[in-house]
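Source file: run37.txt. Holds: compact mmCIF, C-alpha atoms.
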```txt
# COMPACT_ATOMS: atom_id res chain seq x y z
CA LEU A 1 102.25 50.05 88.55
CA THR A 2 105.57 49.79 86.74
CA GLU A 3 108.07 52.61 86.52
CA ASN A 4 107.01 53.13 82.92
CA ASP A 5 103.41 53.53 84.09
CA PHE A 6 104.52 56.33 86.40
CA ILE A 7 106.48 57.96 83.58
CA ASP A 8 103.40 57.84 81.33
CA LEU A 9 101.17 59.24 84.06
CA LYS A 10 103.61 62.07 84.75
CA LYS A 11 103.77 62.91 81.03
CA TYR A 12 99.99 62.90 80.70
CA CYS A 13 99.55 65.10 83.79
CA ASP A 14 102.02 67.61 82.33
CA GLU A 15 100.09 67.64 79.05
CA ILE A 16 96.73 68.45 80.66
CA ASN A 17 98.06 70.72 83.43
CA ILE A 18 97.44 68.47 86.43
CA ILE A 19 99.99 68.42 89.25
CA PHE A 20 101.47 64.93 89.38
CA LEU A 21 102.18 63.53 92.83
CA SER A 22 102.78 60.17 94.40
CA THR A 23 103.08 58.59 97.85
CA PRO A 24 106.40 56.70 98.04
CA THR A 25 107.02 54.37 100.98
CA ASN A 26 110.80 53.95 100.72
CA GLU A 27 113.98 55.70 99.57
CA ILE A 28 113.96 53.89 96.23
CA GLY A 29 110.54 55.32 95.42
CA ILE A 30 111.63 58.82 96.43
CA ASN A 31 114.74 58.65 94.24
CA PHE A 32 112.69 57.44 91.28
CA LEU A 33 110.15 60.25 91.70
CA LYS A 34 112.97 62.76 91.91
CA LYS A 35 114.43 61.29 88.72
CA ILE A 36 111.18 61.82 86.78
CA LYS A 37 110.89 65.32 88.30
CA ALA A 38 107.76 64.81 90.35
CA PRO A 39 106.83 68.27 91.67
CA LEU A 40 105.23 66.99 94.88
CA LEU A 41 105.46 64.07 97.33
CA LYS A 42 102.90 62.86 99.83
CA ASN A 43 103.39 60.91 103.02
CA GLY A 44 100.28 59.09 104.19
CA SER A 45 99.02 59.16 107.76
CA ASP A 46 100.09 55.54 108.22
CA PHE A 47 103.72 56.51 107.57
CA LEU A 48 103.86 59.73 109.62
CA THR A 49 105.93 58.05 112.33
CA ASN A 50 108.36 56.62 109.75
CA LEU A 51 110.98 59.29 110.38
CA THR A 52 113.52 57.62 108.09
CA LEU A 53 111.13 58.04 105.17
CA ILE A 54 110.44 61.66 106.12
CA ARG A 55 114.17 62.31 106.36
CA HIS A 56 114.64 61.06 102.78
CA MET A 57 111.70 63.16 101.60
CA ALA A 58 113.27 66.22 103.16
CA ALA A 59 116.64 65.49 101.58
CA SER A 60 115.02 65.22 98.15
CA ARG A 61 114.08 68.94 98.41
CA ILE A 62 110.75 68.10 96.74
CA PRO A 63 107.77 69.90 98.32
CA THR A 64 106.07 67.38 100.60
CA ILE A 65 102.61 66.80 102.06
CA LEU A 66 102.41 65.08 105.45
CA SER A 67 99.01 63.70 106.40
CA THR A 68 98.37 63.71 110.15
CA GLY A 69 95.60 61.15 110.69
CA MET A 70 95.86 58.95 113.82
CA SER A 71 98.69 61.18 115.11
CA THR A 72 99.25 62.83 118.45
CA VAL A 73 100.60 66.37 118.61
CA SER A 74 103.98 65.09 119.77
CA GLU A 75 104.14 62.74 116.76
CA ILE A 76 103.34 65.60 114.38
CA ASP A 77 105.99 67.74 116.12
CA GLU A 78 108.56 65.00 115.62
CA ALA A 79 107.68 64.53 111.94
CA VAL A 80 107.78 68.27 111.21
CA ASN A 81 111.04 68.76 113.11
CA THR A 82 112.62 65.85 111.24
CA PHE A 83 111.57 67.30 107.90
CA ILE A 84 113.06 70.68 108.77
CA LYS A 85 116.22 69.23 110.34
CA PHE A 86 117.12 67.27 107.23
CA GLY A 87 116.74 70.16 104.82
CA GLY A 88 113.10 70.06 103.83
CA LYS A 89 111.98 73.49 102.65
CA LYS A 90 108.36 73.31 101.53
CA LEU A 91 105.97 71.46 103.82
CA ILE A 92 102.19 71.11 103.79
CA LEU A 93 100.26 69.38 106.58
CA LEU A 94 96.89 67.75 106.06
CA HIS A 95 94.34 67.55 108.85
CA CYS A 96 92.93 64.07 108.57
CA THR A 97 90.64 61.74 110.50
CA SER A 98 91.56 58.20 109.49
CA GLN A 99 88.12 56.65 109.61
CA TYR A 100 86.29 55.49 106.48
CA PRO A 101 83.81 57.10 106.30
CA THR A 102 84.42 59.70 109.00
CA PRO A 103 81.35 60.43 111.18
CA THR A 104 80.38 64.09 111.05
CA LYS A 105 80.96 64.61 114.78
CA GLU A 106 84.57 63.42 114.44
CA ILE A 107 85.66 65.60 111.48
CA ASN A 108 86.87 68.42 113.78
CA LEU A 109 87.64 71.00 111.08
CA LYS A 110 88.81 73.56 113.64
CA LYS A 111 91.96 71.49 114.03
CA ILE A 112 93.06 73.20 110.80
CA LEU A 113 93.36 76.43 112.80
CA PHE A 114 95.40 74.67 115.48
CA LEU A 115 97.82 73.21 112.93
CA LYS A 116 98.20 76.56 111.16
CA LYS A 117 99.06 78.35 114.38
CA ARG A 118 101.43 75.68 115.70
CA TYR A 119 103.42 74.93 112.53
CA ASN A 120 103.13 78.10 110.45
CA CYS A 121 102.94 76.30 107.12
CA PRO A 122 100.16 75.71 104.58
CA ILE A 123 97.47 73.40 105.93
CA GLY A 124 95.11 71.21 103.95
CA PHE A 125 92.30 68.78 104.66
CA SER A 126 92.02 65.08 103.82
CA ASP A 127 88.29 64.40 103.68
CA HIS A 128 87.04 60.88 104.35
CA SER A 129 83.42 61.84 105.01
CA ASP A 130 80.66 60.48 102.78
CA ASN A 131 79.82 63.91 101.32
CA TYR A 132 81.72 67.06 100.36
CA ASN A 133 80.33 69.56 102.86
CA ALA A 134 83.41 69.33 105.07
CA SER A 135 85.73 69.95 102.12
CA THR A 136 83.93 73.12 101.09
CA MET A 137 83.88 74.35 104.70
CA ALA A 138 87.60 73.62 105.12
CA VAL A 139 88.37 76.25 102.50
CA ALA A 140 86.70 78.87 104.70
CA LEU A 141 89.19 77.88 107.42
CA ASN A 142 92.06 78.59 105.02
CA ALA A 143 92.75 75.02 103.88
CA LYS A 144 95.06 75.29 100.87
CA ILE A 145 94.63 71.71 99.67
CA VAL A 146 91.59 69.45 99.74
CA GLU A 147 92.11 65.73 99.31
CA LYS A 148 89.00 63.75 98.44
CA HIS A 149 88.76 60.14 97.34
CA PHE A 150 87.40 59.76 93.81
CA THR A 151 85.64 56.88 92.08
CA ILE A 152 83.86 56.35 88.79
CA ASN A 153 81.44 53.95 90.49
CA LYS A 154 80.53 53.74 94.18
CA ASN A 155 79.57 50.05 93.77
CA LEU A 156 83.00 48.82 92.71
CA LEU A 157 84.80 46.34 94.94
CA GLY A 158 87.14 47.77 97.54
CA PRO A 159 86.92 49.61 100.86
CA ASP A 160 86.93 53.23 99.63
CA HIS A 161 84.40 53.42 96.80
CA LYS A 162 81.25 53.92 98.87
CA MET A 163 82.66 57.00 100.66
CA SER A 164 84.34 58.43 97.56
CA SER A 165 82.97 61.15 95.30
CA ASN A 166 81.77 60.19 91.85
CA PRO A 167 82.41 62.54 88.89
CA HIS A 168 79.16 64.49 89.43
CA GLU A 169 79.82 64.96 93.16
CA PHE A 170 83.44 65.87 92.60
CA LYS A 171 82.50 68.52 90.06
CA LYS A 172 79.94 69.99 92.47
CA MET A 173 82.52 70.02 95.25
CA VAL A 174 85.00 71.95 93.13
CA GLU A 175 82.33 74.43 92.05
CA LYS A 176 81.38 75.09 95.69
CA ILE A 177 85.03 75.45 96.70
CA ARG A 178 85.58 78.00 93.94
CA LEU A 179 82.45 79.85 95.07
CA ASN A 180 83.72 79.87 98.66
CA GLU A 181 87.09 81.22 97.52
CA LEU A 182 85.30 84.01 95.65
CA ILE A 183 83.21 84.84 98.71
CA LEU A 184 86.25 84.81 101.01
CA GLY A 185 88.11 87.30 98.80
CA SER A 186 91.62 88.54 99.44
CA GLY A 187 91.18 89.79 102.99
CA THR A 188 92.77 93.15 102.19
CA PRO A 189 90.91 96.04 103.89
CA LYS A 190 90.20 98.15 100.82
CA LEU A 191 86.93 99.31 99.35
CA SER A 192 85.53 97.60 96.30
CA LYS A 193 84.58 99.59 93.21
CA ASN A 194 80.91 99.15 94.05
CA GLU A 195 81.47 100.35 97.61
CA LEU A 196 83.06 103.53 96.31
CA VAL A 197 79.83 104.19 94.40
CA SER A 198 77.84 103.34 97.52
CA ARG A 199 79.84 105.84 99.56
CA SER A 200 78.76 108.63 97.24
CA ASN A 201 75.14 107.49 97.30
CA TYR A 202 74.61 106.53 100.92
CA ARG A 203 77.08 108.39 103.16
CA LEU A 204 76.09 111.70 104.74
CA SER A 205 77.38 115.15 103.80
CA ALA A 206 76.93 118.64 105.25
CA TYR A 207 74.22 120.82 103.68
CA PHE A 208 73.13 124.32 104.72
CA ASN A 209 70.02 124.27 106.85
CA ASP A 210 69.16 127.95 106.26
CA ASN A 211 69.58 130.75 103.76
CA LEU A 212 72.72 132.56 104.95
CA VAL A 213 74.32 135.82 103.91
CA ALA A 214 78.02 136.45 103.35
CA ASN A 215 80.15 136.96 106.50
CA THR A 216 77.91 134.77 108.67
CA LYS A 217 80.02 132.78 111.14
CA LEU A 218 79.41 129.14 110.42
CA SER A 219 78.23 126.89 113.26
CA LYS A 220 76.68 123.48 113.63
CA LYS A 221 73.17 124.95 113.86
CA HIS A 222 73.51 126.10 110.24
CA LEU A 223 74.01 122.55 108.98
CA ILE A 224 72.10 119.35 108.34
CA PHE A 225 73.70 116.00 107.44
CA ARG A 226 72.06 113.78 104.85
CA ARG A 227 72.53 111.80 101.67
CA PRO A 228 74.14 111.79 99.16
CA GLY A 229 77.73 111.83 100.42
CA LEU A 230 79.13 114.24 97.84
CA GLY A 231 80.70 116.76 100.20
CA LEU A 232 82.15 117.24 103.67
CA THR A 233 81.51 114.79 106.47
CA GLU A 234 80.66 115.95 109.99
CA SER A 235 84.24 115.47 111.16
CA ASN A 236 85.67 117.36 108.16
CA VAL A 237 83.32 120.33 108.33
CA LYS A 238 84.16 121.09 111.98
CA GLN A 239 87.34 122.92 110.93
CA PHE A 240 85.18 125.69 109.41
CA PHE A 241 83.10 126.43 112.50
CA LYS A 242 83.41 130.11 113.61
CA LYS A 243 84.81 131.03 110.18
CA LYS A 244 82.91 133.46 107.95
CA ILE A 245 81.29 132.27 104.76
CA ASN A 246 82.41 134.45 101.85
CA ARG A 247 79.15 134.54 99.87
CA ASN A 248 75.42 134.09 100.22
CA VAL A 249 74.19 130.48 100.35
CA LYS A 250 70.77 128.88 100.08
CA LYS A 251 69.04 126.34 102.23
CA ASN A 252 69.72 122.74 101.11
CA GLN A 253 72.90 123.80 99.29
CA LEU A 254 75.86 121.41 99.61
CA VAL A 255 78.61 122.82 101.81
```

Please re-express this file's structure in structure tokens.
Amino acid sequence: LTENDFIDLKKYCDEINIIFLSTPTNEIGINFLKKIKAPLLKNGSDFLTNLTLIRHMAASRIPTILSTGMSTVSEIDEAVNTFIKFGGKKLILLHCTSQYPTPTKEINLKKILFLKKRYNCPIGFSDHSDNYNASTMAVALNAKIVEKHFTINKNLLGPDHKMSSNPHEFKKMVEKIRLNELILGSGTPKLSKNELVSRSNYRLSAYFNDNLVANTKLSKKHLIFRRPGLGLTESNVKQFFKKKINRNVKKNQLV
């Protein structure tokens, strides 16, 4: 691709609201991408040990994705430390198994959790399996980016087409990822609107178990706890034990 091709691609991405990114392999490429205001850089797994390249990516101050296929933990440490040392601010790591296609038993999605804990930055998943199940599962492990090879025809020449997703598969993958995100929710421990209704319908409240006259000292034997949950719970009603009720009440009346 020529530089003008990249400029045209960047312009088109901006027009249709797609994040443009590229994978430069030298300082010249990084400087050019900075010049055309690329919002994101990627470093492939094959270049993770190229610390000079990572240093230039960090110095560009452009948010950067580092893919970690074929890498030992010490190599990832060195790459991350280099990025931070030379001023990089926004880093994303991709868990990746560099095998095409990746056998199911070697995908090892739980490594996402390891990377998240060790590096405390957003983690993504580069999926080289021959289906999209791993990509949709990765989202449940808090992957923030999913990278999946894409082709318009699996029978085209080249090494990647057979394990890439075609348009139909890619659409289904995105739909399932969006569904997973909806199911996962925000994680905040608050009740939903429907749960608030359920509380009223299904929780237990205190009701009088007998007809009682005014000035009777209330005790647990006077109460029964049942649905709906419109009144006092068992823990809340305890404060009134041994106190006198101030009027007559009927059996089954809500306390």

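Shell of Ser60 (chain A) at 12 Å, with all atoms listed in the file counted and residues fewer than 3 places along the chain excluded, is Glu27, Ile28, Gly29, Ile30, Asn31, Phe32, Leu33, Lys34, Lys35, Lys37, Ala38, Pro39, Leu40, Leu41, Leu53, Ile54, Arg55, His56, Met57, Pro63, Thr64, Phe83, Phe86, Gly87, Gly88, Lys89 and Lys90 of chain A.
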
Contact check, region 38-104 of chain A to region 160-182 of chain A, at most 9 Å, counting all atoms listed in the file, closest pairs as JSON lines:
```
{"residue": "A:Tyr100", "atom": "CA", "partner": "A:Met163", "partner_atom": "CA", "distance": 7.0}
{"residue": "A:Pro101", "atom": "CA", "partner": "A:Met163", "partner_atom": "CA", "distance": 5.8}
{"residue": "A:Thr102", "atom": "CA", "partner": "A:Met163", "partner_atom": "CA", "distance": 8.9}
```

Nearest to Ala59 (chain A): which of A:Leu184, A:Asn248, A:Lys85, A:Asp77 is it, counting all atoms listed in the file?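 Ranking A:Leu184, A:Asn248, A:Lys85, A:Asp77 by distance to Ala59 (chain A), first place goes to A:Lys85.
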
So that I can see what lies close to Asp210 (chain A), please list as a PDB file with C-alpha atoms, in the frame of the given file the residues with an atom at most 9 Å from it, counting all atoms listed in the file and leaving out residues fewer than 6 positions away in the same chain.
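Output file selection.pdb follows:
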```
ATOM      1  CA  HIS A 222      73.510 126.100 110.240  1.00  0.00           C
ATOM      2  CA  LEU A 223      74.010 122.550 108.980  1.00  0.00           C
ATOM      3  CA  VAL A 249      74.190 130.480 100.350  1.00  0.00           C
ATOM      4  CA  LYS A 250      70.770 128.880 100.080  1.00  0.00           C
ATOM      5  CA  LYS A 251      69.040 126.340 102.230  1.00  0.00           C
ATOM      6  CA  ASN A 252      69.720 122.740 101.110  1.00  0.00           C
ATOM      7  CA  GLN A 253      72.900 123.800  99.290  1.00  0.00           C
TER       8      GLN A 253
END
```

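Using all atoms listed in the file, the protein and nucleic acid residues lying no more than 12 Å from Lys116 (chain A), apart from those fewer than 3 places from it along its own chain, are Leu91, Ile92, Leu93, Leu94, His95, Leu109, Lys110, Lys111, Ile112, Leu113, Tyr119, Asn120, Cys121, Pro122, Ile123, Gly124, Phe125, Leu141, Asn142, Ala143 and Lys144 of chain A.
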
With C-alpha atoms kept, could you save the residues just selected as an mmCIF file, in the coordinates of the input?
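Result went into again.cif, see below:
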```cif
data_model
loop_
_atom_site.group_PDB
_atom_site.id
_atom_site.type_symbol
_atom_site.label_atom_id
_atom_site.label_comp_id
_atom_site.auth_asym_id
_atom_site.auth_seq_id
_atom_site.Cartn_x
_atom_site.Cartn_y
_atom_site.Cartn_z
ATOM 1 C CA LEU A 91 105.970 71.460 103.820
ATOM 2 C CA ILE A 92 102.190 71.110 103.790
ATOM 3 C CA LEU A 93 100.260 69.380 106.580
ATOM 4 C CA LEU A 94 96.890 67.750 106.060
ATOM 5 C CA HIS A 95 94.340 67.550 108.850
ATOM 6 C CA LEU A 109 87.640 71.000 111.080
ATOM 7 C CA LYS A 110 88.810 73.560 113.640
ATOM 8 C CA LYS A 111 91.960 71.490 114.030
ATOM 9 C CA ILE A 112 93.060 73.200 110.800
ATOM 10 C CA LEU A 113 93.360 76.430 112.800
ATOM 11 C CA TYR A 119 103.420 74.930 112.530
ATOM 12 C CA ASN A 120 103.130 78.100 110.450
ATOM 13 C CA CYS A 121 102.940 76.300 107.120
ATOM 14 C CA PRO A 122 100.160 75.710 104.580
ATOM 15 C CA ILE A 123 97.470 73.400 105.930
ATOM 16 C CA GLY A 124 95.110 71.210 103.950
ATOM 17 C CA PHE A 125 92.300 68.780 104.660
ATOM 18 C CA LEU A 141 89.190 77.880 107.420
ATOM 19 C CA ASN A 142 92.060 78.590 105.020
ATOM 20 C CA ALA A 143 92.750 75.020 103.880
ATOM 21 C CA LYS A 144 95.060 75.290 100.870
#
```

Would you mind reading off the distance between CA of Gly69 (chain A) and CA of Gln99 (chain A), one decimal, in Å?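 Interatomic distance, CA of Gly69 (chain A) to CA of Gln99 (chain A): 8.8 Å.
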
Rank A:Ile36, A:Ile18, A:Lys220, A:Ile183 by their smallest atom-to-atom distance to Asn4 (chain A), using all atoms listed in the file, and report the top residue only.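 Using all atoms listed in the file, the shortest distance to Asn4 (chain A) belongs to A:Ile36.
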
Where atoms are absent from region 162-198 of chain A, fill them in so it carries N, CA and C atoms, then output it as an mmCIF file, in the coordinates of the input.
```cif
data_model
loop_
_atom_site.group_PDB
_atom_site.id
_atom_site.type_symbol
_atom_site.label_atom_id
_atom_site.label_comp_id
_atom_site.auth_asym_id
_atom_site.auth_seq_id
_atom_site.Cartn_x
_atom_site.Cartn_y
_atom_site.Cartn_z
ATOM 1 N N LYS A 162 82.542 53.433 98.378
ATOM 2 C CA LYS A 162 81.250 53.920 98.870
ATOM 3 C C LYS A 162 81.354 55.309 99.478
ATOM 4 N N MET A 163 82.515 55.669 100.060
ATOM 5 C CA MET A 163 82.660 57.000 100.660
ATOM 6 C C MET A 163 83.400 57.968 99.745
ATOM 7 N N SER A 164 83.655 57.570 98.516
ATOM 8 C CA SER A 164 84.340 58.430 97.560
ATOM 9 C C SER A 164 83.348 59.244 96.750
ATOM 10 N N SER A 165 83.816 60.313 96.154
ATOM 11 C CA SER A 165 82.970 61.150 95.300
ATOM 12 C C SER A 165 82.985 60.610 93.871
ATOM 13 N N ASN A 166 81.825 60.541 93.268
ATOM 14 C CA ASN A 166 81.770 60.190 91.850
ATOM 15 C C ASN A 166 82.005 61.457 91.024
ATOM 16 N N PRO A 167 82.099 61.347 89.697
ATOM 17 C CA PRO A 167 82.410 62.540 88.890
ATOM 18 C C PRO A 167 81.441 63.700 89.108
ATOM 19 N N HIS A 168 80.143 63.427 89.213
ATOM 20 C CA HIS A 168 79.160 64.490 89.430
ATOM 21 C C HIS A 168 79.405 65.182 90.774
ATOM 22 N N GLU A 169 79.597 64.394 91.827
ATOM 23 C CA GLU A 169 79.820 64.960 93.160
ATOM 24 C C GLU A 169 81.125 65.746 93.218
ATOM 25 N N PHE A 170 82.145 65.204 92.567
ATOM 26 C CA PHE A 170 83.440 65.870 92.600
ATOM 27 C C PHE A 170 83.380 67.225 91.889
ATOM 28 N N LYS A 171 82.669 67.263 90.777
ATOM 29 C CA LYS A 171 82.500 68.520 90.060
ATOM 30 C C LYS A 171 81.765 69.539 90.925
ATOM 31 N N LYS A 172 80.687 69.093 91.602
ATOM 32 C CA LYS A 172 79.940 69.990 92.470
ATOM 33 C C LYS A 172 80.798 70.500 93.625
ATOM 34 N N MET A 173 81.628 69.627 94.167
ATOM 35 C CA MET A 173 82.520 70.020 95.250
ATOM 36 C C MET A 173 83.469 71.130 94.799
ATOM 37 N N VAL A 174 84.069 70.936 93.647
ATOM 38 C CA VAL A 174 85.000 71.950 93.130
ATOM 39 C C VAL A 174 84.287 73.264 92.874
ATOM 40 N N GLU A 175 83.097 73.199 92.305
ATOM 41 C CA GLU A 175 82.330 74.430 92.050
ATOM 42 C C GLU A 175 82.045 75.175 93.350
ATOM 43 N N LYS A 176 81.675 74.446 94.404
ATOM 44 C CA LYS A 176 81.380 75.090 95.690
ATOM 45 C C LYS A 176 82.644 75.641 96.335
ATOM 46 N N ILE A 177 83.752 74.933 96.178
ATOM 47 C CA ILE A 177 85.030 75.450 96.700
ATOM 48 C C ILE A 177 85.402 76.738 95.998
ATOM 49 N N ARG A 178 85.266 76.776 94.694
ATOM 50 C CA ARG A 178 85.580 78.000 93.940
ATOM 51 C C ARG A 178 84.662 79.147 94.352
ATOM 52 N N LEU A 179 83.391 78.835 94.605
ATOM 53 C CA LEU A 179 82.450 79.850 95.070
ATOM 54 C C LEU A 179 82.877 80.371 96.446
ATOM 55 N N ASN A 180 83.261 79.457 97.336
ATOM 56 C CA ASN A 180 83.720 79.870 98.660
ATOM 57 C C ASN A 180 84.952 80.758 98.577
ATOM 58 N N GLU A 181 85.883 80.402 97.685
ATOM 59 C CA GLU A 181 87.090 81.220 97.520
ATOM 60 C C GLU A 181 86.717 82.628 97.053
ATOM 61 N N LEU A 182 85.737 82.703 96.144
ATOM 62 C CA LEU A 182 85.300 84.010 95.650
ATOM 63 C C LEU A 182 84.664 84.819 96.771
ATOM 64 N N ILE A 183 83.850 84.153 97.594
ATOM 65 C CA ILE A 183 83.210 84.840 98.710
ATOM 66 C C ILE A 183 84.226 85.289 99.737
ATOM 67 N N LEU A 184 85.223 84.472 100.005
ATOM 68 C CA LEU A 184 86.250 84.810 101.010
ATOM 69 C C LEU A 184 87.071 86.017 100.586
ATOM 70 N N GLY A 185 87.346 86.150 99.298
ATOM 71 C CA GLY A 185 88.110 87.300 98.800
ATOM 72 C C GLY A 185 89.558 87.276 99.239
ATOM 73 N N SER A 186 90.188 88.433 99.151
ATOM 74 C CA SER A 186 91.620 88.540 99.440
ATOM 75 C C SER A 186 91.921 88.859 100.894
ATOM 76 N N GLY A 187 90.957 89.411 101.596
ATOM 77 C CA GLY A 187 91.180 89.790 102.990
ATOM 78 C C GLY A 187 91.803 91.161 103.165
ATOM 79 N N THR A 188 92.171 91.826 102.074
ATOM 80 C CA THR A 188 92.770 93.150 102.190
ATOM 81 C C THR A 188 91.685 94.183 102.502
ATOM 82 N N PRO A 189 91.948 95.098 103.442
ATOM 83 C CA PRO A 189 90.910 96.040 103.890
ATOM 84 C C PRO A 189 90.767 97.257 102.976
ATOM 85 N N LYS A 190 90.412 97.017 101.724
ATOM 86 C CA LYS A 190 90.200 98.150 100.820
ATOM 87 C C LYS A 190 88.784 98.091 100.261
ATOM 88 N N LEU A 191 88.290 99.237 99.865
ATOM 89 C CA LEU A 191 86.930 99.310 99.350
ATOM 90 C C LEU A 191 86.844 98.763 97.936
ATOM 91 N N SER A 192 85.762 98.071 97.663
ATOM 92 C CA SER A 192 85.530 97.600 96.300
ATOM 93 C C SER A 192 85.047 98.758 95.435
ATOM 94 N N LYS A 193 85.052 98.555 94.129
ATOM 95 C CA LYS A 193 84.580 99.590 93.210
ATOM 96 C C LYS A 193 83.118 99.927 93.491
ATOM 97 N N ASN A 194 82.320 98.907 93.774
ATOM 98 C CA ASN A 194 80.910 99.150 94.050
ATOM 99 C C ASN A 194 80.715 99.891 95.367
ATOM 100 N N GLU A 195 81.578 99.627 96.346
ATOM 101 C CA GLU A 195 81.470 100.350 97.610
ATOM 102 C C GLU A 195 81.805 101.822 97.455
ATOM 103 N N LEU A 196 82.733 102.128 96.546
ATOM 104 C CA LEU A 196 83.060 103.530 96.310
ATOM 105 C C LEU A 196 81.838 104.277 95.759
ATOM 106 N N VAL A 197 81.083 103.601 94.900
ATOM 107 C CA VAL A 197 79.830 104.190 94.400
ATOM 108 C C VAL A 197 78.841 104.331 95.548
ATOM 109 N N SER A 198 78.769 103.301 96.394
ATOM 110 C CA SER A 198 77.840 103.340 97.520
ATOM 111 C C SER A 198 78.171 104.462 98.487
#
```
